[in-house]
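Enquirer: Data file run14.tsv (TSV, C-alpha atoms) is appended below.
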chain	number	residue	atom	x	y	z
A	293	MET	CA	-36.51	312.90	225.66
A	294	GLN	CA	-34.86	311.41	222.62
A	295	LEU	CA	-37.30	309.91	220.15
A	296	LEU	CA	-36.55	306.53	218.67
A	297	LYS	CA	-35.93	306.67	214.97
A	298	PRO	CA	-38.06	304.35	212.88
A	299	ARG	CA	-36.15	301.45	211.43
A	300	SER	CA	-35.31	302.08	207.82
A	301	PHE	CA	-36.17	299.45	205.25
A	302	ARG	CA	-33.13	297.92	203.61
A	303	PHE	CA	-33.61	296.10	200.36
A	304	SER	CA	-31.67	292.83	200.04
A	305	TRP	CA	-31.36	290.85	196.85
A	306	VAL	CA	-30.59	287.71	198.86
A	307	ASP	CA	-33.76	287.96	200.97
A	308	THR	CA	-35.81	288.71	197.88
A	309	PHE	CA	-34.37	285.69	196.09
A	310	LEU	CA	-35.04	283.40	199.06
A	311	TRP	CA	-38.62	284.61	199.41
A	312	ALA	CA	-39.14	284.08	195.69
A	313	ILE	CA	-37.94	280.48	196.08
A	314	ARG	CA	-40.21	279.94	199.09
A	315	ILE	CA	-43.28	281.28	197.33
A	316	GLY	CA	-42.48	279.48	194.09
A	317	ALA	CA	-41.93	276.19	195.92
A	318	LEU	CA	-45.20	276.50	197.83
A	319	VAL	CA	-47.11	277.26	194.64
A	320	PHE	CA	-45.46	274.34	192.83
A	321	ILE	CA	-46.25	271.91	195.66
A	322	LEU	CA	-49.83	273.18	196.07
A	323	VAL	CA	-50.61	272.92	192.35
A	324	GLY	CA	-49.08	269.43	192.20
A	325	VAL	CA	-51.03	268.18	195.23
A	326	LEU	CA	-54.29	269.64	193.88
A	327	GLY	CA	-53.61	267.98	190.53
A	328	THR	CA	-53.04	264.62	192.22
A	329	LEU	CA	-56.22	265.01	194.30
A	330	SER	CA	-58.25	265.89	191.21
A	331	LYS	CA	-57.02	262.70	189.56
A	332	ALA	CA	-58.10	260.73	192.61
A	333	VAL	CA	-61.56	262.31	192.48
A	334	ASP	CA	-61.84	261.34	188.81
A	335	GLY	CA	-60.98	257.74	189.68
A	336	GLU	CA	-57.43	257.93	188.31
A	337	GLY	CA	-54.16	257.44	190.13
A	338	LEU	CA	-53.49	255.25	193.14
A	339	THR	CA	-56.04	253.73	195.47
A	340	ALA	CA	-56.23	254.55	199.18
A	341	GLN	CA	-54.63	251.18	199.98
A	342	ALA	CA	-51.72	251.96	197.65
A	343	TRP	CA	-51.15	255.31	199.37
A	344	ARG	CA	-51.11	253.61	202.75
A	345	GLU	CA	-48.56	251.09	201.47
A	346	LEU	CA	-46.36	253.95	200.21
A	347	ILE	CA	-46.47	255.56	203.65
A	348	VAL	CA	-45.44	252.31	205.35
A	349	THR	CA	-42.65	251.82	202.80
A	350	GLY	CA	-41.43	255.34	203.51
A	351	LEU	CA	-41.46	254.73	207.26
A	352	ALA	CA	-39.49	251.49	206.83
A	353	GLN	CA	-36.78	253.11	204.69
A	354	GLY	CA	-36.80	256.20	206.85
A	355	SER	CA	-36.21	254.08	209.95
A	356	MET	CA	-32.97	252.82	208.44
A	357	TYR	CA	-31.89	256.31	207.43
A	358	GLY	CA	-32.61	257.47	210.96
A	359	LEU	CA	-30.46	254.77	212.55
A	360	ILE	CA	-27.53	255.57	210.26
A	361	ALA	CA	-28.06	259.31	210.78
A	362	LEU	CA	-27.59	258.87	214.53
A	363	GLY	CA	-23.89	258.17	213.96
A	364	TYR	CA	-23.43	261.35	211.90
A	365	SER	CA	-25.30	263.46	214.43
A	366	MET	CA	-23.59	262.06	217.54
A	367	VAL	CA	-20.08	262.45	216.12
A	368	TYR	CA	-20.84	265.98	214.94
A	369	GLY	CA	-22.23	266.86	218.35
A	370	VAL	CA	-19.06	265.68	220.08
A	371	LEU	CA	-16.28	266.53	217.60
A	372	GLY	CA	-17.86	269.13	215.31
A	373	PHE	CA	-17.11	267.41	211.99
A	374	ILE	CA	-18.93	265.05	209.65
A	375	ASN	CA	-17.64	261.47	209.54
A	376	PHE	CA	-18.20	260.69	205.86
A	377	ALA	CA	-16.86	257.17	206.41
A	378	HIS	CA	-19.97	256.31	208.45
A	379	GLY	CA	-21.76	254.98	205.37
A	380	GLU	CA	-19.00	252.39	205.03
A	381	VAL	CA	-19.42	251.48	208.70
A	382	PHE	CA	-23.00	250.64	207.77
A	383	MET	CA	-21.78	248.68	204.75
A	384	ALA	CA	-19.33	246.67	206.86
A	385	GLY	CA	-22.13	245.47	209.12
A	386	ALA	CA	-24.38	244.62	206.19
A	387	VAL	CA	-21.68	242.58	204.40
A	388	THR	CA	-20.53	240.62	207.46
A	389	GLY	CA	-24.16	240.07	208.40
A	390	PHE	CA	-24.53	238.26	205.07
A	391	PHE	CA	-21.93	235.66	206.06
A	392	ALA	CA	-23.56	235.20	209.47
A	393	ALA	CA	-27.00	234.80	207.89
A	394	ASN	CA	-25.67	232.30	205.34
A	395	ALA	CA	-23.99	230.24	208.07
A	396	LEU	CA	-27.20	230.21	210.11
A	397	ALA	CA	-29.19	229.24	207.02
A	398	ASP	CA	-26.83	226.33	206.32
A	399	ALA	CA	-27.24	225.22	209.95
A	400	GLY	CA	-31.03	225.39	209.65
A	401	VAL	CA	-31.37	228.07	212.34
A	402	TRP	CA	-32.44	230.82	209.91
A	403	GLU	CA	-35.66	228.95	209.04
A	404	SER	CA	-36.39	226.91	212.17
A	405	GLN	CA	-35.69	229.69	214.70
A	406	PRO	CA	-36.01	232.99	212.80
A	407	ILE	CA	-35.92	235.23	215.88
A	408	VAL	CA	-32.68	233.64	217.07
A	409	GLY	CA	-31.22	233.73	213.56
A	410	LEU	CA	-32.11	237.37	213.03
A	411	GLY	CA	-30.86	238.31	216.50
A	412	LEU	CA	-27.49	236.60	215.96
A	413	THR	CA	-27.12	238.22	212.54
A	414	ILE	CA	-27.80	241.65	214.03
A	415	LEU	CA	-25.27	241.01	216.81
A	416	VAL	CA	-22.57	240.05	214.29
A	417	SER	CA	-23.35	243.10	212.18
A	418	MET	CA	-23.34	245.39	215.24
A	419	ALA	CA	-20.02	243.97	216.47
A	420	THR	CA	-18.37	244.47	213.06
A	421	SER	CA	-19.66	248.00	212.57
A	422	THR	CA	-18.71	248.92	216.14
A	423	LEU	CA	-15.18	247.59	215.67
A	424	VAL	CA	-14.74	249.42	212.35
A	425	ALA	CA	-16.04	252.68	213.83
A	426	VAL	CA	-13.75	252.48	216.87
A	427	LEU	CA	-10.71	251.66	214.70
A	428	ILE	CA	-11.46	254.64	212.46
A	429	GLU	CA	-11.63	256.92	215.47
A	430	ARG	CA	-8.44	255.56	217.05
A	431	LEU	CA	-6.27	255.33	213.94
A	432	ALA	CA	-7.51	258.13	211.70
A	433	TYR	CA	-9.27	260.79	213.75
A	434	ARG	CA	-7.66	260.85	217.20
A	435	PRO	CA	-4.20	261.87	215.92
A	436	LEU	CA	-5.90	264.79	214.13
A	437	ARG	CA	-7.91	265.94	217.15
A	438	GLY	CA	-6.22	269.34	217.34
A	439	ALA	CA	-5.84	269.85	213.58
A	440	PRO	CA	-7.87	272.38	211.55
A	441	ARG	CA	-11.37	271.08	210.90
A	442	LEU	CA	-10.85	270.62	207.17
A	443	ILE	CA	-8.15	267.97	207.72
A	444	PRO	CA	-10.35	265.44	209.60
A	445	LEU	CA	-13.09	266.06	207.04
A	446	ILE	CA	-10.80	265.17	204.14
A	447	THR	CA	-9.48	262.22	206.15
A	448	SER	CA	-13.02	260.89	206.59
A	449	ILE	CA	-13.55	260.97	202.82
A	450	GLY	CA	-10.28	259.08	202.36
A	451	MET	CA	-11.35	256.52	204.98
A	452	SER	CA	-14.60	256.05	203.10
A	453	PHE	CA	-12.76	255.05	199.91
A	454	PHE	CA	-10.27	252.96	201.87
A	455	LEU	CA	-13.04	250.90	203.50
A	456	GLN	CA	-14.93	250.50	200.24
A	457	TYR	CA	-12.02	249.01	198.39
A	458	THR	CA	-10.75	247.06	201.37
A	459	PHE	CA	-14.06	245.21	201.45
A	460	ARG	CA	-13.95	244.86	197.68
A	461	GLY	CA	-10.54	243.24	197.97
A	462	LEU	CA	-11.60	240.96	200.82
A	463	PHE	CA	-15.03	239.86	199.58
A	464	GLY	CA	-15.13	240.72	195.88
A	465	GLU	CA	-17.19	243.20	193.92
A	466	SER	CA	-20.21	240.99	193.21
A	467	PHE	CA	-23.58	241.38	194.89
A	468	LYS	CA	-24.24	239.07	197.82
A	469	SER	CA	-27.82	237.95	198.41
A	470	TYR	CA	-29.04	237.23	201.92
A	471	PRO	CA	-30.89	233.91	202.39
A	472	VAL	CA	-34.58	233.80	201.54
A	473	LEU	CA	-36.60	235.17	204.40
A	474	PRO	CA	-37.93	232.62	206.89
A	475	THR	CA	-41.48	231.49	206.13
A	476	VAL	CA	-42.83	233.21	209.24
A	477	MET	CA	-41.53	236.57	207.95
A	478	GLN	CA	-43.03	236.26	204.48
A	479	GLY	CA	-46.36	237.67	203.43
A	480	ARG	CA	-48.42	240.41	205.01
A	481	ILE	CA	-49.87	241.20	208.40
A	482	SER	CA	-52.99	243.21	209.21
A	483	ILE	CA	-52.63	246.01	211.77
A	484	PHE	CA	-55.75	248.11	212.42
A	485	GLY	CA	-57.05	247.06	209.03
A	486	LEU	CA	-53.83	248.02	207.25
A	487	GLU	CA	-52.13	245.23	205.30
A	488	ILE	CA	-48.34	245.65	205.42
A	489	LEU	CA	-45.40	243.40	204.68
A	490	LYS	CA	-44.07	241.52	207.70
A	491	THR	CA	-40.53	242.56	206.82
A	492	GLN	CA	-41.52	246.21	206.91
A	493	MET	CA	-43.12	245.68	210.29
A	494	VAL	CA	-39.95	244.01	211.59
A	495	VAL	CA	-37.80	246.85	210.25
A	496	ILE	CA	-39.96	249.61	211.76
A	497	ALA	CA	-40.30	247.85	215.13
A	498	THR	CA	-36.59	246.94	215.39
A	499	ALA	CA	-35.50	250.47	214.49
A	500	ALA	CA	-37.92	251.96	217.03
A	501	VAL	CA	-36.65	249.64	219.78
A	502	ALA	CA	-33.02	250.44	218.91
A	503	MET	CA	-33.73	254.17	218.96
A	504	ALA	CA	-35.58	253.93	222.29
A	505	GLY	CA	-32.71	251.93	223.80
A	506	LEU	CA	-30.13	254.44	222.59
A	507	TYR	CA	-32.16	257.39	223.86
A	508	THR	CA	-32.50	255.75	227.27
A	509	TYR	CA	-28.78	255.00	227.36
A	510	VAL	CA	-27.78	258.57	226.50
A	511	THR	CA	-30.25	260.24	228.87
A	512	ARG	CA	-30.22	257.86	231.86
A	513	THR	CA	-26.72	256.40	232.22
A	514	ARG	CA	-23.46	257.83	233.50
A	515	MET	CA	-21.66	257.42	230.18
A	516	GLY	CA	-24.62	258.99	228.41
A	517	ARG	CA	-24.34	262.04	230.65
A	518	ALA	CA	-20.62	262.16	229.87
A	519	MET	CA	-21.44	262.18	226.13
A	520	ARG	CA	-23.83	265.05	226.60
A	521	ALA	CA	-21.31	266.93	228.72
A	522	ILE	CA	-18.61	266.65	226.04
A	523	ALA	CA	-21.11	267.64	223.36
A	524	GLU	CA	-21.92	270.75	225.43
A	525	ASP	CA	-18.33	271.79	226.23
A	526	ARG	CA	-15.40	269.42	225.83
A	527	GLU	CA	-12.87	271.46	227.81
A	528	ILE	CA	-15.12	271.97	230.83
A	529	ALA	CA	-16.07	268.27	230.78
A	530	ALA	CA	-12.37	267.33	230.86
A	531	LEU	CA	-11.80	269.66	233.80
A	532	MET	CA	-14.65	267.95	235.63
A	533	GLY	CA	-12.89	264.59	235.31
A	534	VAL	CA	-14.52	263.14	232.20
A	535	ASN	CA	-12.22	260.87	230.18
A	536	VAL	CA	-12.67	262.61	226.84
A	537	ASN	CA	-10.87	260.04	224.67
A	538	ARG	CA	-12.82	257.17	226.18
A	539	VAL	CA	-16.18	258.88	225.76
A	540	ILE	CA	-15.46	259.92	222.16
A	541	ALA	CA	-14.49	256.33	221.33
A	542	LEU	CA	-17.72	255.18	222.96
A	543	THR	CA	-19.66	257.68	220.85
A	544	PHE	CA	-18.19	256.17	217.69
A	545	ALA	CA	-18.95	252.69	219.02
A	546	VAL	CA	-22.60	253.48	219.73
A	547	GLY	CA	-23.05	255.14	216.35
A	548	GLY	CA	-21.41	252.13	214.70
A	549	ALA	CA	-23.72	249.74	216.55
A	550	MET	CA	-26.79	251.60	215.27
A	551	ALA	CA	-25.35	251.47	211.74
A	552	GLY	CA	-24.87	247.71	212.16
A	553	VAL	CA	-28.54	247.27	213.06
A	554	ALA	CA	-29.48	249.35	210.02
A	555	GLY	CA	-27.26	247.15	207.82
A	556	VAL	CA	-29.26	244.01	208.61
A	557	LEU	CA	-32.57	245.86	208.30
A	558	TRP	CA	-31.47	247.05	204.86
A	559	ALA	CA	-30.75	243.46	203.89
A	560	LEU	CA	-34.21	242.36	205.08
A	561	LEU	CA	-35.82	244.84	202.71
A	562	PHE	CA	-33.50	244.62	199.70
A	563	ARG	CA	-31.56	241.36	200.36
A	564	GLN	CA	-28.53	242.30	198.21
A	565	VAL	CA	-25.38	243.98	199.54
A	566	TYR	CA	-21.93	244.76	198.11
A	567	PHE	CA	-18.93	246.98	198.74
A	568	LEU	CA	-20.72	250.17	197.60
A	569	THR	CA	-23.90	249.50	199.54
A	570	GLY	CA	-23.09	252.21	202.06
A	571	PHE	CA	-22.53	255.09	199.64
A	572	LEU	CA	-26.04	256.30	198.78
A	573	PRO	CA	-27.68	255.34	202.12
A	574	GLY	CA	-24.81	257.15	203.86
A	575	ILE	CA	-25.40	260.33	201.86
A	576	LYS	CA	-29.12	260.13	202.55
A	577	ALA	CA	-28.55	259.50	206.24
A	578	PHE	CA	-26.34	262.58	206.39
A	579	THR	CA	-29.16	264.44	204.66
A	580	ALA	CA	-31.56	263.12	207.32
A	581	ALA	CA	-29.26	264.33	210.11
A	582	VAL	CA	-29.17	267.83	208.62
A	583	LEU	CA	-32.91	267.72	207.95
A	584	GLY	CA	-33.75	266.86	211.54
A	585	GLY	CA	-31.15	269.20	213.07
A	586	ILE	CA	-27.46	268.36	213.15
A	587	GLY	CA	-26.26	267.29	216.58
A	588	ASN	CA	-29.81	266.48	217.66
A	589	MET	CA	-30.25	262.74	218.30
A	590	ALA	CA	-34.05	262.74	218.15
A	591	GLY	CA	-33.84	265.07	215.16
A	592	ALA	CA	-31.69	262.57	213.26
A	593	TYR	CA	-34.32	259.85	213.65
A	594	VAL	CA	-37.21	262.18	212.81
A	595	GLY	CA	-35.25	263.48	209.83
A	596	GLY	CA	-34.76	259.91	208.62
A	597	LEU	CA	-38.48	259.18	208.83
A	598	ALA	CA	-39.27	262.43	207.03
A	599	LEU	CA	-36.75	261.68	204.27
A	600	GLY	CA	-38.19	258.20	203.78
A	601	LEU	CA	-41.69	259.65	203.44
A	602	PHE	CA	-40.48	262.30	200.98
A	603	GLU	CA	-38.94	259.55	198.84
A	604	SER	CA	-41.95	257.26	198.82
A	605	VAL	CA	-44.91	259.64	198.83
A	606	GLY	CA	-43.46	262.89	197.47
A	607	PRO	CA	-42.98	261.98	193.79
A	608	LEU	CA	-46.53	260.71	193.32
A	609	LEU	CA	-48.15	263.30	195.58
A	610	VAL	CA	-46.54	266.34	193.94
A	611	LEU	CA	-45.00	265.47	190.58
A	612	ASP	CA	-47.78	263.21	189.35
A	613	GLY	CA	-50.18	266.14	189.62
A	614	TRP	CA	-48.05	267.98	187.07
A	615	GLY	CA	-48.25	265.08	184.63
A	616	ILE	CA	-44.54	264.30	184.83
A	617	PRO	CA	-43.83	260.76	183.55
A	618	SER	CA	-41.93	258.10	185.51
A	619	VAL	CA	-42.12	260.06	188.75
A	620	SER	CA	-40.99	257.07	190.84
A	621	GLN	CA	-37.54	257.41	189.27
A	622	LEU	CA	-37.26	260.94	190.63
A	623	LYS	CA	-37.42	260.02	194.31
A	624	ASP	CA	-33.84	261.14	194.95
A	625	VAL	CA	-34.55	264.50	193.31
A	626	VAL	CA	-37.62	264.96	195.50
A	627	ALA	CA	-35.77	263.93	198.68
A	628	PHE	CA	-32.85	266.33	198.24
A	629	SER	CA	-35.13	269.12	196.99
A	630	ALA	CA	-37.20	268.70	200.16
A	631	LEU	CA	-34.01	269.10	202.21
A	632	VAL	CA	-33.16	272.37	200.46
A	633	LEU	CA	-36.67	273.74	200.88
A	634	ILE	CA	-36.92	272.84	204.55
A	635	LEU	CA	-33.55	274.43	205.28
A	636	ILE	CA	-34.66	277.58	203.45
A	637	PHE	CA	-37.72	277.80	205.70
A	638	ARG	CA	-35.98	276.49	208.83
A	639	PRO	CA	-32.16	276.60	208.60
A	640	THR	CA	-31.66	274.73	211.89
A	641	GLY	CA	-33.66	271.67	210.77
A	642	LEU	CA	-36.97	270.27	211.90
A	643	LEU	CA	-36.12	269.92	215.61
A	644	GLY	CA	-33.27	272.42	215.74
A	645	GLU	CA	-29.54	271.79	215.81
A	646	ARG	CA	-27.60	271.19	219.02
A	647	LEU	CA	-24.04	272.38	218.92
A	648	ALA	CA	-21.22	272.65	221.44
A	649	VAL	CA	-20.38	276.02	222.95
A	650	GLU	CA	-17.44	276.59	220.58
A	651	GLU	CA	-19.68	275.76	217.59
A	652	ARG	CA	-22.30	278.37	218.49
A	653	GLY	CA	-19.90	281.22	218.16
Would it be possible to restate this file's structure as structure tokens?

Expert:
Amino acid sequence: MQLLKPRSFRFSWVDTFLWAIRIGALVFILVGVLGTLSKAVDGEGLTAQAWRELIVTGLAQGSMYGLIALGYSMVYGVLGFINFAHGEVFMAGAVTGFFAANALADAGVWESQPIVGLGLTILVSMATSTLVAVLIERLAYRPLRGAPRLIPLITSIGMSFFLQYTFRGLFGESFKSYPVLPTVMQGRISIFGLEILKTQMVVIATAAVAMAGLYTYVTRTRMGRAMRAIAEDREIAALMGVNVNRVIALTFAVGGAMAGVAGVLWALLFRQVYFLTGFLPGIKAFTAAVLGGIGNMAGAYVGGLALGLFESVGPLLVLDGWGIPSVSQLKDVVAFSALVLILIFRPTGLLGERLAVEERG
């Protein structure tokens, strides 16, 4: 009988470096959190109510990131490349939503019937973002369907700049402020003893409803099954009679619609939009898609929520314990650092990536 040889230990500088980063990051975070908690015990730092408000703020921003991230994740799941023009799809909905909201405000609908006004604004934003997304797919990406993957990627970056400066030429480079929120949406509301802004509640609830509707559509309808079939194996789906071009266009349309909803929600929180509004939220939404697991629809939304919480709570929870000044200005550093750390510990993202057969290799 042949004895099994014991596995020999092989030293790797890469593994050692990664473990050093993991341990160092955990120590840094633990020391920072303990420092923040010690300040709280001494009566310094934020109150419990302020921490709760930060969490709600993070969930509201994260909800928007999650909705935008759905477009990145769905397109990657179907075509295997990142549509870097998706941030501008979001921007297109936000800018055209401004004109719809202004028209409704001038007609008195924005104040007298806020639910109708908000609903119509969201519909206009969704229609615009959907149209822009479908046109991008038809004009820029479909002719490159069989090209090497780098070519569509570079094309998407070019489309991003093209849309930015097209909207700058059409609507100018100045900031555009949405109308003042209707009276019924101003102030705070108490939920289980927690006082939160009504706008934040509207944003979180609307995003949750949109996500639930999309999830139901993808999992329960015929076209949703076709999307999942193409995401699993495009060639086999085509052999089974699925109209690949139609379903891919629909995927872009659905992702664009979610970005349109996010555009209006962004305006509810920050009110101002302009031709570069989609740049940073688009980058962060892509980060959220990777964080949750690229190609995973639920992962994109969870990644968005996590990223929003990292931005709002992370700087004060970790950096304030180290005595770093102006920690609120470092939210972007904390958010992207959290992405790197999570991918070091879990390279496939929080919920795991979902890739087509040809992507799994």

Enquirer: Which residues, written as a list in words, have at least one atom at most 10 Å from region 635-645 of chain A, with all atoms listed in the file counted and residues fewer than 3 positions away on the same chain left out?

Expert: Leu310, Trp311, Ile313, Arg314, Ser365, Gly369, Ala580, Ala581, Val582, Leu583, Gly584, Gly585, Ile586, Gly587, Asn588, Met589, Ala590, Gly591, Ala592, Val594, Gly595, Ala598, Ser629, Ala630, Leu631 and Val632 of chain A

Enquirer: Can you list, as an mmCIF file with C-alpha atoms, in the frame of the given file, every protein, DNA or RNA residue that comes within 12 Å of region 520-537 of chain A when you count all atoms listed in the file, leaving out same-chain residues fewer than 4 positions away?

Expert:
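File written: result-v3.cif
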data_model
loop_
_atom_site.group_PDB
_atom_site.id
_atom_site.type_symbol
_atom_site.label_atom_id
_atom_site.label_comp_id
_atom_site.auth_asym_id
_atom_site.auth_seq_id
_atom_site.Cartn_x
_atom_site.Cartn_y
_atom_site.Cartn_z
ATOM 1 C CA SER A 365 -25.300 263.460 214.430
ATOM 2 C CA MET A 366 -23.590 262.060 217.540
ATOM 3 C CA VAL A 367 -20.080 262.450 216.120
ATOM 4 C CA TYR A 368 -20.840 265.980 214.940
ATOM 5 C CA GLY A 369 -22.230 266.860 218.350
ATOM 6 C CA VAL A 370 -19.060 265.680 220.080
ATOM 7 C CA LEU A 371 -16.280 266.530 217.600
ATOM 8 C CA GLY A 372 -17.860 269.130 215.310
ATOM 9 C CA VAL A 426 -13.750 252.480 216.870
ATOM 10 C CA GLU A 429 -11.630 256.920 215.470
ATOM 11 C CA ARG A 430 -8.440 255.560 217.050
ATOM 12 C CA TYR A 433 -9.270 260.790 213.750
ATOM 13 C CA ARG A 434 -7.660 260.850 217.200
ATOM 14 C CA PRO A 435 -4.200 261.870 215.920
ATOM 15 C CA ARG A 437 -7.910 265.940 217.150
ATOM 16 C CA TYR A 507 -32.160 257.390 223.860
ATOM 17 C CA TYR A 509 -28.780 255.000 227.360
ATOM 18 C CA VAL A 510 -27.780 258.570 226.500
ATOM 19 C CA THR A 511 -30.250 260.240 228.870
ATOM 20 C CA ARG A 512 -30.220 257.860 231.860
ATOM 21 C CA THR A 513 -26.720 256.400 232.220
ATOM 22 C CA ARG A 514 -23.460 257.830 233.500
ATOM 23 C CA MET A 515 -21.660 257.420 230.180
ATOM 24 C CA GLY A 516 -24.620 258.990 228.410
ATOM 25 C CA ALA A 541 -14.490 256.330 221.330
ATOM 26 C CA LEU A 542 -17.720 255.180 222.960
ATOM 27 C CA THR A 543 -19.660 257.680 220.850
ATOM 28 C CA PHE A 544 -18.190 256.170 217.690
ATOM 29 C CA GLY A 587 -26.260 267.290 216.580
ATOM 30 C CA ASN A 588 -29.810 266.480 217.660
ATOM 31 C CA MET A 589 -30.250 262.740 218.300
ATOM 32 C CA ARG A 646 -27.600 271.190 219.020
ATOM 33 C CA LEU A 647 -24.040 272.380 218.920
ATOM 34 C CA ALA A 648 -21.220 272.650 221.440
ATOM 35 C CA VAL A 649 -20.380 276.020 222.950
ATOM 36 C CA GLU A 650 -17.440 276.590 220.580
ATOM 37 C CA GLU A 651 -19.680 275.760 217.590
ATOM 38 C CA ARG A 652 -22.300 278.370 218.490
#

Enquirer: Can you tell me which residues surround region 563-576 of chain A at a distance of at most 7 Å, considering all atoms listed in the file, apart from same-chain residues fewer than 6 positions away, and format the answer as a PyMOL selection string?

Expert: chain A and resi 357+378-380+382-383+386-387+456+459-460+465-470

Enquirer: Applying 7 Å and all atoms listed in the file, which residues near Arg441 (chain A) remain after dropping the ones on its own chain fewer than 3 positions away? List them as a ChimeraX atom specification.

Expert: /A:373,444-445

Enquirer: Report the distance between CA of Arg517 (chain A) and CA of Val539 (chain A) in Å, rounded to one decimal place.

Expert: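 Separation between CA of Arg517 (chain A) and CA of Val539 (chain A): 10.0 Å.
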
Enquirer: Using only C-alpha atoms, pick whichever of A:Leu561, A:Val553, A:Val625, A:Ile407 has the shortest atom-to-atom distance to Thr422 (chain A).

Expert: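 Of A:Leu561, A:Val553, A:Val625, A:Ile407, the one nearest Thr422 (chain A) is A:Val553, counting only C-alpha atoms.
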
Enquirer: Taking all atoms of region 392-406 of chain A that the file lists, what box with edges along x, y and z, padded by 3 Å per side, do you get, with centre and edge lengths in Å to one decimal, as AutoDock Vina command-line options?

Expert:
--center_x -30.0 --center_y 230.2 --center_z 210.0 --size_x 18.8 --size_y 16.0 --size_z 15.4

Enquirer: Go ahead and compute the interatomic distance for CA of Leu506 (chain A) and CA of Val546 (chain A), in Å to one decimal.

Expert: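 Between CA of Leu506 (chain A) and CA of Val546 (chain A) the gap works out to 8.1 Å.
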
Enquirer: Could you list, as a list in words, every residue within 10 Å of Gln478 (chain A), counting only C-alpha atoms and ignoring same-chain residues fewer than 4 positions away?

Expert: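 Near Gln478 (chain A), the qualifying residues are Val472, Leu473, Pro474, Leu489, Lys490 and Thr491 of chain A.
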
Enquirer: Point out the residue among A:Ser452, A:Thr420, A:Thr447, A:Ser355 with the least atom-to-atom distance to Tyr593 (chain A), counting all atoms listed in the file.

Expert: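 Using all atoms listed in the file, the shortest distance to Tyr593 (chain A) belongs to A:Ser355.
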
Enquirer: One number please: CA of Ala377 (chain A) to CA of Leu427 (chain A), in Å, one decimal.

Expert: 11.7 Å

Enquirer: Could you check the closest approach to Leu410 (chain A) for each of A:Leu396, A:Leu486, A:Ile540, A:Leu318 and tell me which residue wins, using all atoms listed in the file?

Expert: A:Leu396

Enquirer: Could you check the closest approach to Gln492 (chain A) for each of A:Ala551, A:Ala419, A:Leu597, A:Leu351 and tell me which residue wins, using only C-alpha atoms?

Expert: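 Nearest candidate to Gln492 (chain A) out of A:Ala551, A:Ala419, A:Leu597, A:Leu351: A:Leu351.
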
Enquirer: So, counting all atoms listed in the file, which residue among A:Thr413, A:Val556, A:Trp614, A:Gly358 is closest to Leu599 (chain A)?

Expert: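 Closest to Leu599 (chain A), using all atoms listed in the file: A:Gly358.
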
Enquirer: With distances taken over all atoms listed in the file, which residue among A:Met519, A:Leu560, A:Ala439, A:Val626 lies nearest Ala393 (chain A)?

Expert: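 When distances to Ala393 (chain A) are compared using all atoms listed in the file, the smallest one comes from A:Leu560.
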